[in-house]
>>> print(open('query-v6.txt').read())   # compact mmCIF, C-alpha atoms
# COMPACT_ATOMS: atom_id res chain seq x y z
CA MET A 1 115.68 267.03 211.40
CA LYS A 2 116.33 267.34 207.68
CA ALA A 3 114.79 269.98 205.50
CA PRO A 4 111.23 268.88 204.81
CA SER A 5 110.38 268.24 201.21
CA ARG A 6 107.71 270.17 199.41
CA VAL A 7 104.94 267.63 199.98
CA ARG A 8 105.41 267.70 203.73
CA GLU A 9 105.16 271.47 203.90
CA MET A 10 101.68 271.58 202.43
CA PRO A 11 99.24 272.25 205.29
CA ILE A 12 96.21 271.05 203.33
CA LEU A 13 97.77 267.64 202.72
CA ARG A 14 98.81 267.35 206.35
CA VAL A 15 95.37 268.25 207.69
CA VAL A 16 93.52 266.01 205.22
CA ALA A 17 95.86 263.11 205.89
CA ARG A 18 95.45 263.52 209.65
CA ALA A 19 91.68 263.35 209.23
CA LEU A 20 91.59 260.58 206.62
CA VAL A 21 94.16 258.07 207.84
CA PRO A 22 92.27 256.99 211.01
CA VAL A 23 89.06 256.61 209.00
CA ILE A 24 90.82 254.46 206.39
CA LEU A 25 92.37 252.27 209.09
CA LEU A 26 88.99 251.92 210.80
CA PHE A 27 87.37 251.00 207.48
CA GLY A 28 90.10 248.39 206.99
CA LEU A 29 89.22 246.84 210.34
CA TYR A 30 85.51 246.94 209.44
CA VAL A 31 86.15 245.13 206.15
CA GLN A 32 88.27 242.62 208.08
CA PHE A 33 85.78 241.70 210.78
CA HIS A 34 82.60 242.18 208.78
CA GLY A 35 83.81 239.89 205.98
CA ASP A 36 81.41 237.12 206.98
CA PHE A 37 78.42 239.35 206.36
CA GLY A 38 79.37 242.05 203.88
CA PRO A 39 81.74 242.23 200.95
CA GLY A 40 85.40 241.97 201.80
CA GLY A 41 87.61 239.81 203.90
CA GLY A 42 91.19 239.47 204.94
CA PHE A 43 92.85 240.34 201.65
CA GLN A 44 90.81 243.49 201.04
CA ALA A 45 91.19 244.56 204.66
CA GLY A 46 94.94 244.04 204.52
CA VAL A 47 95.43 246.18 201.42
CA ILE A 48 93.15 248.96 202.73
CA PHE A 49 94.95 249.01 206.07
CA ALA A 50 98.37 249.09 204.41
CA ALA A 51 97.25 251.79 201.96
CA GLY A 52 96.11 253.95 204.89
CA LEU A 53 99.50 253.61 206.58
CA ILE A 54 101.29 254.39 203.30
CA ILE A 55 99.27 257.62 202.94
CA PHE A 56 100.54 258.51 206.41
CA ALA A 57 104.10 257.81 205.24
CA LEU A 58 103.66 259.86 202.06
CA VAL A 59 102.69 262.96 204.04
CA PHE A 60 104.72 262.58 207.24
CA GLY A 61 107.67 260.61 205.91
CA ALA A 62 108.60 256.94 205.88
CA GLU A 63 110.78 257.52 208.92
CA ALA A 64 107.74 258.58 210.97
CA LEU A 65 105.89 255.45 209.91
CA ARG A 66 108.92 253.29 210.62
CA GLN A 67 108.78 254.41 214.24
CA VAL A 68 105.21 253.12 214.48
CA VAL A 69 105.67 250.01 212.33
CA PRO A 70 109.34 248.99 212.24
CA VAL A 71 110.61 246.99 209.28
CA VAL A 72 111.40 244.02 211.53
CA LEU A 73 107.80 244.02 212.76
CA THR A 74 106.42 243.81 209.19
CA GLU A 75 108.69 240.84 208.49
CA ARG A 76 107.56 239.03 211.64
CA LEU A 77 103.89 239.79 210.95
CA MET A 78 104.19 238.44 207.38
CA ALA A 79 105.24 235.09 208.79
CA ALA A 80 102.83 235.32 211.74
CA GLY A 81 99.83 235.73 209.41
CA VAL A 82 100.72 232.63 207.39
CA LEU A 83 101.44 230.65 210.55
CA LEU A 84 98.12 231.74 212.11
CA TYR A 85 96.27 230.42 209.07
CA GLY A 86 98.21 227.17 209.13
CA ALA A 87 97.78 226.80 212.88
CA VAL A 88 93.99 226.81 212.50
CA GLY A 89 94.33 223.94 210.03
CA VAL A 90 96.61 221.96 212.32
CA LEU A 91 94.37 222.65 215.31
CA ALA A 92 91.41 221.26 213.36
CA MET A 93 93.49 218.11 212.73
CA LEU A 94 94.40 217.78 216.41
CA LEU A 95 90.71 218.04 217.29
CA GLY A 96 89.93 215.14 215.01
CA GLY A 97 88.94 216.78 211.74
CA GLU A 98 90.72 217.25 208.43
CA PHE A 99 93.25 220.04 207.81
CA LEU A 100 91.29 223.34 207.69
CA ASN A 101 87.97 221.64 208.46
CA TYR A 102 86.72 224.34 210.83
CA SER A 103 83.72 222.33 211.96
CA ALA A 104 86.14 220.25 214.03
CA LEU A 105 87.02 223.35 216.06
CA ASP A 106 83.67 223.08 217.78
CA PRO A 107 82.85 219.39 218.26
CA LEU A 108 79.94 220.00 220.64
CA THR A 109 77.48 221.70 218.28
CA THR A 110 76.71 220.99 214.64
CA GLY A 111 79.78 222.90 213.53
CA HIS A 112 78.35 226.32 212.71
CA TYR A 113 80.21 227.96 215.56
CA GLY A 114 83.44 226.26 214.52
CA GLN A 115 83.01 227.52 210.96
CA HIS A 116 82.50 231.09 212.19
CA LEU A 117 85.50 230.89 214.48
CA GLY A 118 87.73 229.27 211.87
CA ILE A 119 86.83 231.78 209.16
CA ILE A 120 87.34 234.80 211.45
CA VAL A 121 90.77 233.56 212.53
CA ILE A 122 92.05 232.57 209.09
CA GLU A 123 90.79 235.86 207.63
CA LEU A 124 92.73 237.63 210.38
CA GLY A 125 95.80 235.65 209.34
CA VAL A 126 95.27 236.65 205.70
CA GLY A 127 94.79 240.30 206.66
CA ILE A 128 97.93 240.42 208.82
CA ALA A 129 100.04 238.70 206.17
CA VAL A 130 98.79 240.91 203.33
CA ALA A 131 99.10 244.21 205.21
CA ALA A 132 102.59 243.31 206.47
CA THR A 133 103.74 242.20 203.02
CA ILE A 134 102.59 245.43 201.37
CA MET A 135 104.26 247.48 204.09
CA ARG A 136 107.48 245.49 203.64
CA VAL A 137 107.42 245.99 199.86
CA TYR A 138 106.84 249.72 200.36
CA TYR A 139 109.79 249.92 202.78
CA ALA A 140 111.94 248.03 200.28
CA PHE A 141 111.12 250.60 197.59
CA VAL A 142 111.58 253.76 199.65
CA GLY A 143 114.64 252.40 201.47
CA ARG A 144 116.80 252.30 198.38
CA ARG A 145 119.61 254.79 198.13
CA PRO A 146 119.20 257.00 195.09
CA GLY A 147 122.19 256.78 192.74
CA GLU A 148 124.26 259.60 191.35
CA ALA A 149 121.60 260.37 188.78
CA GLN A 150 119.37 261.42 191.64
CA THR A 151 121.00 264.80 192.32
CA GLY A 152 118.38 267.43 191.75
CA ALA A 153 115.61 264.89 192.16
CA ASP A 154 112.10 266.00 191.45
CA PRO A 155 110.35 266.70 194.77
CA ALA A 156 107.07 265.76 193.13
CA LEU A 157 108.37 262.18 193.12
CA ASP A 158 108.67 262.13 196.89
CA THR A 159 107.35 258.84 198.18
CA GLY A 160 108.26 259.44 201.78
CA ALA A 161 111.90 258.48 201.41
CA GLY A 162 113.21 262.02 201.28
CA GLY A 163 113.68 262.37 205.03
CA GLU A 164 116.35 259.72 205.23
CA ALA A 165 118.28 260.18 202.00
CA SER A 166 121.58 261.62 203.16
CA MET B 1 76.03 248.34 177.46
CA PRO B 2 74.56 250.76 180.04
CA PRO B 3 75.71 254.37 179.59
CA VAL B 4 77.73 254.67 182.81
CA GLU B 5 79.67 251.49 182.08
CA LEU B 6 80.20 252.61 178.49
CA LEU B 7 81.54 255.95 179.70
CA LEU B 8 83.92 254.29 182.18
CA MET B 9 85.10 251.83 179.54
CA LEU B 10 85.78 254.60 177.00
CA LEU B 11 87.66 256.64 179.63
CA LEU B 12 89.65 253.55 180.52
CA ILE B 13 90.62 252.93 176.90
CA ALA B 14 91.54 256.59 176.41
CA THR B 15 93.66 256.53 179.58
CA VAL B 16 95.67 253.47 178.65
CA ILE B 17 96.31 254.79 175.13
CA VAL B 18 97.65 258.02 176.64
CA VAL B 19 99.79 256.03 179.09
CA ALA B 20 101.31 254.06 176.23
CA ARG B 21 102.12 257.23 174.28
CA LEU B 22 103.40 259.45 177.09
CA LYS B 23 107.13 260.04 177.43
CA ASP B 24 106.73 261.75 180.82
CA LEU B 25 106.94 258.80 183.19
CA PHE B 26 105.61 260.73 186.20
CA ALA B 27 102.40 261.55 184.31
CA ALA B 28 102.25 257.97 183.05
CA ALA B 29 102.49 256.61 186.59
CA MET B 30 99.69 258.88 187.80
CA LEU B 31 97.52 257.90 184.83
CA THR B 32 97.96 254.19 185.56
CA GLY B 33 96.49 255.00 188.97
CA ILE B 34 93.54 256.69 187.28
CA ALA B 35 93.13 253.68 184.98
CA SER B 36 92.96 251.45 188.07
CA LEU B 37 90.39 253.73 189.66
CA LEU B 38 88.23 253.54 186.52
CA ALA B 39 88.58 249.75 186.54
CA ALA B 40 87.52 249.75 190.20
CA GLY B 41 84.43 251.75 189.23
CA LEU B 42 83.60 249.15 186.58
CA PHE B 43 83.96 246.37 189.18
CA VAL B 44 81.52 248.18 191.47
CA LEU B 45 78.99 248.39 188.65
CA MET B 46 79.43 244.64 188.10
CA ASP B 47 78.64 244.07 191.83
CA ALA B 48 82.17 242.79 192.47
CA VAL B 49 82.69 245.17 195.39
CA ASP B 50 85.47 243.20 197.03
CA VAL B 51 87.47 243.14 193.78
CA ALA B 52 86.90 246.89 193.51
CA PHE B 53 88.29 247.40 197.04
CA THR B 54 91.45 245.61 196.04
CA GLU B 55 91.80 247.37 192.71
CA ALA B 56 91.32 250.79 194.28
CA ALA B 57 93.70 250.16 197.19
CA VAL B 58 96.42 248.25 195.35
CA GLY B 59 96.08 249.35 191.73
CA ALA B 60 95.27 253.00 192.25
CA GLY B 61 97.02 253.44 195.58
CA VAL B 62 99.95 251.26 196.51
CA SER B 63 101.28 250.37 193.05
CA THR B 64 101.23 254.04 192.00
CA VAL B 65 103.34 254.83 195.06
CA LEU B 66 105.71 252.01 194.14
CA PHE B 67 105.97 253.35 190.57
CA LEU B 68 106.88 256.76 191.99
CA GLY B 69 109.39 255.14 194.32
CA ALA B 70 111.03 253.44 191.34
CA LEU B 71 110.90 256.69 189.34
CA SER B 72 112.69 258.61 192.09
CA LEU B 73 115.69 256.34 191.43
CA THR B 74 115.77 256.97 187.71
CA SER B 75 114.99 259.61 185.12
CA ARG B 76 111.60 261.21 184.87
CA ARG B 77 111.43 261.03 181.09
CA GLU B 78 111.52 258.04 178.80
CA LYS B 79 114.38 258.01 176.29
CA GLN B 80 113.39 259.10 172.82
CA GLU B 81 113.31 256.06 170.58
CA ARG B 82 112.00 255.46 167.14
CA THR B 83 108.60 253.78 167.19
CA LYS B 84 109.18 250.12 166.46
CA ILE B 85 106.74 248.27 164.26
CA LEU B 86 107.17 244.70 165.50
CA PRO B 87 106.12 245.30 169.15
CA ILE B 88 103.02 247.17 167.97
CA LEU B 89 102.13 244.30 165.65
CA ILE B 90 102.52 241.76 168.46
CA VAL B 91 100.39 243.84 170.84
CA VAL B 92 97.66 244.40 168.27
CA ALA B 93 97.64 240.71 167.31
CA THR B 94 97.41 239.63 170.96
CA GLY B 95 94.62 242.12 171.62
CA ALA B 96 92.72 240.98 168.52
CA ALA B 97 93.07 237.33 169.61
CA LEU B 98 91.71 238.17 173.06
CA ILE B 99 88.74 240.07 171.62
CA TYR B 100 88.11 237.17 169.22
CA GLY B 101 88.14 234.88 172.26
CA THR B 102 85.37 236.87 173.95
CA TRP B 103 82.98 236.18 171.05
CA ASP B 104 82.45 232.64 172.35
CA MET B 105 81.73 233.83 175.87
CA PRO B 106 78.13 234.15 177.07
CA ALA B 107 76.75 237.66 177.32
CA TYR B 108 77.51 239.45 180.60
CA GLY B 109 74.87 238.52 183.18
CA ASP B 110 73.26 235.89 180.94
CA PRO B 111 71.28 233.65 183.34
CA ASP B 112 71.54 230.72 180.91
CA ALA B 113 75.33 230.74 180.95
CA VAL B 114 76.90 227.39 181.87
CA ILE B 115 78.71 228.79 184.90
CA HIS B 116 75.41 229.66 186.57
CA HIS B 117 74.16 226.06 186.30
CA HIS B 118 77.13 224.04 187.47
CA LEU B 119 77.85 224.52 191.20
CA ALA B 120 76.38 227.96 191.76
CA PRO B 121 72.72 227.02 192.46
CA GLU B 122 73.80 224.38 194.96
CA LEU B 123 76.17 226.77 196.74
CA ILE B 124 73.62 229.58 196.84
CA ALA B 125 70.94 227.27 198.21
CA GLU B 126 72.98 225.35 200.76
CA THR B 127 75.79 227.56 202.07
CA GLU B 128 73.60 229.39 204.55
CA GLU B 129 72.17 226.26 206.14
CA LYS B 130 75.45 224.32 206.01
CA ILE B 131 77.77 226.76 207.77
CA HIS B 132 75.60 229.81 208.63
CA ILE B 133 77.80 232.36 206.86
CA PRO B 134 75.64 234.89 205.00
CA ASN B 135 78.41 235.99 202.63
CA ILE B 136 78.70 233.10 200.17
CA VAL B 137 81.90 234.46 198.62
CA THR B 138 83.63 234.48 202.00
CA ALA B 139 82.27 231.03 202.82
CA ILE B 140 83.62 229.59 199.56
CA LEU B 141 87.02 231.32 199.76
CA ALA B 142 87.68 230.80 203.44
CA SER B 143 86.02 227.47 204.13
CA PHE B 144 85.14 225.37 201.08
CA ARG B 145 88.35 226.36 199.32
CA GLY B 146 90.46 226.96 202.41
CA TYR B 147 93.38 225.13 200.79
CA ASP B 148 93.45 227.52 197.82
CA THR B 149 93.33 230.56 200.05
CA PHE B 150 96.10 229.17 202.23
CA GLY B 151 98.16 228.72 199.08
CA GLU B 152 97.44 232.31 198.04
CA VAL B 153 98.59 233.66 201.39
CA VAL B 154 101.80 231.65 201.07
CA VAL B 155 102.27 233.14 197.58
CA ILE B 156 101.87 236.67 198.97
CA PHE B 157 104.30 235.87 201.77
CA THR B 158 106.79 234.48 199.24
CA ALA B 159 106.45 237.59 197.08
CA GLY B 160 107.15 239.79 200.11
CA VAL B 161 110.19 237.73 201.05
CA GLY B 162 111.43 237.92 197.45
CA VAL B 163 111.13 241.70 197.32
CA ALA B 164 112.76 242.03 200.75
CA LEU B 165 115.70 239.88 199.65
CA LEU B 166 116.15 241.54 196.25
CA LEU B 167 115.58 245.22 197.07
CA GLY B 168 115.82 245.89 200.76
CA GLY B 169 117.79 243.24 202.54
CA LEU B 170 119.72 243.81 205.71
CA GLY B 171 120.97 247.26 204.76
CA LEU B 172 117.58 248.78 205.47
CA ARG B 173 117.36 247.17 208.85
CA ARG B 174 120.84 248.16 210.00
CA ARG B 175 120.34 251.80 209.12
CA ASN B 176 119.82 253.76 212.31
CA ALA B 177 117.56 256.75 212.87
CA ASP B 178 120.14 259.23 211.54
CA GLY B 179 120.17 257.59 208.16
CA GLU B 180 123.66 256.19 208.55
CA GLU B 181 124.68 252.63 207.94
CA GLU B 182 125.94 251.02 211.10
CA SER B 183 128.03 248.40 209.40
>>> encode(input="query-v6.txt", output="structure tokens")
Amino acid sequence: MKAPSRVREMPILRVVARALVPVILLFGLYVQFHGDFGPGGGFQAGVIFAAGLIIFALVFGAEALRQVVPVVLTERLMAAGVLLYGAVGVLAMLLGGEFLNYSALDPLTTGHYGQHLGIIVIELGVGIAVAATIMRVYYAFVGRRPGEAQTGADPALDTGAGGEAS
Amino acid sequence: MPPVELLLMLLLIATVIVVARLKDLFAAAMLTGIASLLAAGLFVLMDAVDVAFTEAAVGAGVSTVLFLGALSLTSRREKQERTKILPILIVVATGAALIYGTWDMPAYGDPDAVIHHHLAPELIAETEEKIHIPNIVTAILASFRGYDTFGEVVVIFTAGVGVALLLGGLGLRRRNADGEEES
């Protein structure tokens, strides 16, 4: 265990983050699955979810977050989100419709159910891809080794990378 | 302009002027976050709540963190340089051209504006009965323009891959829990 940086020693930040992060993640899920009815959708949900996880990393360290969400997982989820979206389109084609024509997903009724299903699934794909991409970009930024100029770095600039810089 | 929006707009302008003049890059990064938060407030007042979500989460949140991450690799203060005239002239000219461009635009919320008479009435009237999705924005983005949105997701994916390749390639992945490179 390395010496914790100044940010991680602050009890107020730790307590507030502990209380806020689950609420932010829950709100992200709400925006994701309520997108048909209220404002929001996959993109907004993805950025809110990723922002909540990044707050966790800012307070408890990127290494702690990396144990929950490994870098490899973010890379796989980035691709999985795009593929999920594309798969809905291909599935619609296999069921006799055009690419991304969700009404074909439900040939028995007038298509309303298929539209609901298609939109929920593609929004999920968007959300997964966006959240994973933002996490991956964050990891790319905090994972860089500081150069020689870094000695005596300002602890106020801690973005969660401090725990692993040797 | 209503007073709250005027106040937010003035604060926004003041913030970006301070950002441009500051030499302390840490303060500048934090102020760009505040500028994004003010912009998100303006979006809420314009009833563009989903845009405000994104602006608050990405503009005020994530991108500020990324700025700080970049700053931790470099110096906290901008190098002292003489103020150059040409860049200021170009910025002012571009800004003036953009403001001149807005003179031809219809007033904000004008019900007679062309955009409200092209496809909008049809979409507002028929979306609900066509596909039973109450949120018209979601219906348009996810269903009617599913191709566009698919393209956008691919763009985001490509951006993530680009950053991963440029900044944090395999070195990040091979580093073990003790912070040592394995290879």
>>> residues_around(input="query-v6.txt", residues="region 141-143 of chain B", least_positions_apart="4", cutoff="8 Å", atoms="all atoms listed in the file", output="ChimeraX atom specification")
/A:100-102,115,119,122-123 /B:137,148-149
>>> write_last_selection(input="query-v6.txt", atoms="C-alpha atoms", output="PDB file, in the frame of the given file")
ATOM      1  CA  LEU A 100      91.290 223.340 207.690  1.00  0.00           C
ATOM      2  CA  ASN A 101      87.970 221.640 208.460  1.00  0.00           C
ATOM      3  CA  TYR A 102      86.720 224.340 210.830  1.00  0.00           C
ATOM      4  CA  GLN A 115      83.010 227.520 210.960  1.00  0.00           C
ATOM      5  CA  ILE A 119      86.830 231.780 209.160  1.00  0.00           C
ATOM      6  CA  ILE A 122      92.050 232.570 209.090  1.00  0.00           C
ATOM      7  CA  GLU A 123      90.790 235.860 207.630  1.00  0.00           C
TER       8      GLU A 123
ATOM      9  CA  VAL B 137      81.900 234.460 198.620  1.00  0.00           C
ATOM     10  CA  ASP B 148      93.450 227.520 197.820  1.00  0.00           C
ATOM     11  CA  THR B 149      93.330 230.560 200.050  1.00  0.00           C
TER      12      THR B 149
END
>>> atom_distance(input="query-v6.txt", atom1="CA of Gly61 (chain B)", atom2="CA of Ile120 (chain A)")
26.3 Å
>>> closest_residue(input="query-v6.txt", among="A:Asp36, A:Ala57, A:Ile24, A:Ala92", to="His116 (chain A)", atoms="all atoms listed in the file")
A:Asp36
>>> closest_residue(input="query-v6.txt", among="A:Leu95, A:Leu73, A:Ala79, A:Leu65", to="chain B", atoms="only C-alpha atoms")
A:Ala79
>>> interface_residues(input="query-v6.txt", of="chain B", to="chain A", cutoff="6 Å", atoms="all atoms listed in the file", output="list in words")
Asp50, Thr54, Ala57, Leu68, Gly69, Ser72, Leu73, Ile131, Ile133, Pro134, Asn135, Ala142, Gly160, Leu167, Gly168 and Gly179 of chain B
>>> atom_distance(input="query-v6.txt", atom1="CA of Val21 (chain A)", atom2="CA of Ile34 (chain B)")
20.6 Å
>>> atom_distance(input="query-v6.txt", atom1="CA of Val68 (chain A)", atom2="CA of Phe56 (chain A)")
10.8 Å
>>> closest_residue(input="query-v6.txt", among="B:Val114, B:Glu78, B:Pro121, B:Ile88", to="Lys23 (chain B)", atoms="only C-alpha atoms")
B:Glu78
>>> build_atoms(input="query-v6.txt", residues="region 70-93 of chain A", atoms="N, CA and C atoms", output="PDB file, in the frame of the given file")
ATOM      1  N   PRO A  70     107.969 249.240 212.690  1.00  0.00           N
ATOM      2  CA  PRO A  70     109.340 248.990 212.240  1.00  0.00           C
ATOM      3  C   PRO A  70     109.399 247.908 211.160  1.00  0.00           C
ATOM      4  N   VAL A  71     110.468 247.955 210.371  1.00  0.00           N
ATOM      5  CA  VAL A  71     110.610 246.990 209.280  1.00  0.00           C
ATOM      6  C   VAL A  71     110.622 245.557 209.836  1.00  0.00           C
ATOM      7  N   VAL A  72     111.307 245.375 210.953  1.00  0.00           N
ATOM      8  CA  VAL A  72     111.400 244.020 211.530  1.00  0.00           C
ATOM      9  C   VAL A  72     110.004 243.507 211.885  1.00  0.00           C
ATOM     10  N   LEU A  73     109.150 244.431 212.382  1.00  0.00           N
ATOM     11  CA  LEU A  73     107.800 244.020 212.760  1.00  0.00           C
ATOM     12  C   LEU A  73     107.021 243.544 211.539  1.00  0.00           C
ATOM     13  N   THR A  74     107.153 244.253 210.388  1.00  0.00           N
ATOM     14  CA  THR A  74     106.420 243.810 209.190  1.00  0.00           C
ATOM     15  C   THR A  74     106.884 242.413 208.784  1.00  0.00           C
ATOM     16  N   GLU A  75     108.201 242.165 208.891  1.00  0.00           N
ATOM     17  CA  GLU A  75     108.690 240.840 208.490  1.00  0.00           C
ATOM     18  C   GLU A  75     108.131 239.753 209.404  1.00  0.00           C
ATOM     19  N   ARG A  76     108.086 240.045 210.705  1.00  0.00           N
ATOM     20  CA  ARG A  76     107.560 239.030 211.640  1.00  0.00           C
ATOM     21  C   ARG A  76     106.075 238.819 211.406  1.00  0.00           C
ATOM     22  N   LEU A  77     105.340 239.924 211.136  1.00  0.00           N
ATOM     23  CA  LEU A  77     103.890 239.790 210.950  1.00  0.00           C
ATOM     24  C   LEU A  77     103.566 239.030 209.662  1.00  0.00           C
ATOM     25  N   MET A  78     104.397 239.211 208.617  1.00  0.00           N
ATOM     26  CA  MET A  78     104.190 238.440 207.380  1.00  0.00           C
ATOM     27  C   MET A  78     104.154 236.955 207.699  1.00  0.00           C
ATOM     28  N   ALA A  79     105.171 236.516 208.445  1.00  0.00           N
ATOM     29  CA  ALA A  79     105.240 235.090 208.790  1.00  0.00           C
ATOM     30  C   ALA A  79     104.136 234.726 209.770  1.00  0.00           C
ATOM     31  N   ALA A  80     103.833 235.632 210.721  1.00  0.00           N
ATOM     32  CA  ALA A  80     102.830 235.320 211.740  1.00  0.00           C
ATOM     33  C   ALA A  80     101.460 235.091 211.093  1.00  0.00           C
ATOM     34  N   GLY A  81     101.119 235.888 210.074  1.00  0.00           N
ATOM     35  CA  GLY A  81      99.830 235.730 209.410  1.00  0.00           C
ATOM     36  C   GLY A  81      99.697 234.359 208.770  1.00  0.00           C
ATOM     37  N   VAL A  82     100.749 233.952 208.034  1.00  0.00           N
ATOM     38  CA  VAL A  82     100.720 232.630 207.390  1.00  0.00           C
ATOM     39  C   VAL A  82     100.632 231.530 208.437  1.00  0.00           C
ATOM     40  N   LEU A  83     101.420 231.695 209.507  1.00  0.00           N
ATOM     41  CA  LEU A  83     101.440 230.650 210.550  1.00  0.00           C
ATOM     42  C   LEU A  83     100.089 230.576 211.262  1.00  0.00           C
ATOM     43  N   LEU A  84      99.425 231.739 211.458  1.00  0.00           N
ATOM     44  CA  LEU A  84      98.120 231.740 212.110  1.00  0.00           C
ATOM     45  C   LEU A  84      97.123 230.934 211.288  1.00  0.00           C
ATOM     46  N   TYR A  85      97.144 231.170 209.971  1.00  0.00           N
ATOM     47  CA  TYR A  85      96.270 230.420 209.070  1.00  0.00           C
ATOM     48  C   TYR A  85      96.565 228.929 209.186  1.00  0.00           C
ATOM     49  N   GLY A  86      97.840 228.583 209.069  1.00  0.00           N
ATOM     50  CA  GLY A  86      98.210 227.170 209.130  1.00  0.00           C
ATOM     51  C   GLY A  86      97.874 226.553 210.470  1.00  0.00           C
ATOM     52  N   ALA A  87      98.027 227.338 211.546  1.00  0.00           N
ATOM     53  CA  ALA A  87      97.780 226.800 212.880  1.00  0.00           C
ATOM     54  C   ALA A  87      96.315 226.404 213.042  1.00  0.00           C
ATOM     55  N   VAL A  88      95.401 227.173 212.426  1.00  0.00           N
ATOM     56  CA  VAL A  88      93.990 226.810 212.500  1.00  0.00           C
ATOM     57  C   VAL A  88      93.774 225.443 211.849  1.00  0.00           C
ATOM     58  N   GLY A  89      94.445 225.232 210.704  1.00  0.00           N
ATOM     59  CA  GLY A  89      94.330 223.940 210.030  1.00  0.00           C
ATOM     60  C   GLY A  89      94.852 222.809 210.883  1.00  0.00           C
ATOM     61  N   VAL A  90      96.008 223.014 211.496  1.00  0.00           N
ATOM     62  CA  VAL A  90      96.610 221.960 212.320  1.00  0.00           C
ATOM     63  C   VAL A  90      95.749 221.703 213.559  1.00  0.00           C
ATOM     64  N   LEU A  91      95.214 222.802 214.135  1.00  0.00           N
ATOM     65  CA  LEU A  91      94.370 222.650 215.310  1.00  0.00           C
ATOM     66  C   LEU A  91      93.133 221.814 214.973  1.00  0.00           C
ATOM     67  N   ALA A  92      92.570 222.059 213.783  1.00  0.00           N
ATOM     68  CA  ALA A  92      91.410 221.260 213.360  1.00  0.00           C
ATOM     69  C   ALA A  92      91.797 219.787 213.273  1.00  0.00           C
ATOM     70  N   MET A  93      93.040 219.505 212.805  1.00  0.00           N
ATOM     71  CA  MET A  93      93.490 218.110 212.730  1.00  0.00           C
ATOM     72  C   MET A  93      93.630 217.509 214.121  1.00  0.00           C
TER      73      MET A  93
END
